[in-house]
Amino acid sequence: MLEDLKTLVWFLKKGPKFYPTMFALIFRKFRKDK
C-alpha cells in the first residue's frame with residue numbers, strides 16, 4: 001500500500017500528461033482485485 005502511495009506522489013509530481021497512464025494503471029489494478 002505504501003508503495004502505491006509513493007507511486008501516486010511520483011505521478012502527481014510528473015504532471016498532468018502522466019495522469020491518463022496513472023488512471024489506466026489504477027483501473028487495471030482494481031479490475032484484477034475483483
# chains A, B, ... in the order shown; residues from 1 in each chain; ligands from 1
>>> select_by_dssp(residues="chain A", states="alpha helix (DSSP H)", output="MDAnalysis selection string")
chainID A and resid 2:14 19:33
>>> residues_around(residues="Thr21 of chain A", least_positions_apart="5", cutoff="12 Å", atoms="only C-alpha atoms", output="list in words")
Thr7, Leu8, Phe11, Leu12, Lys14, Gly15, Pro16, Ile26, Phe27 and Arg28 of chain A
>>> atom_distance(atom1="atom CA of Leu2 of chain A", atom2="atom CA of Pro20 of chain A")
21.3 Å
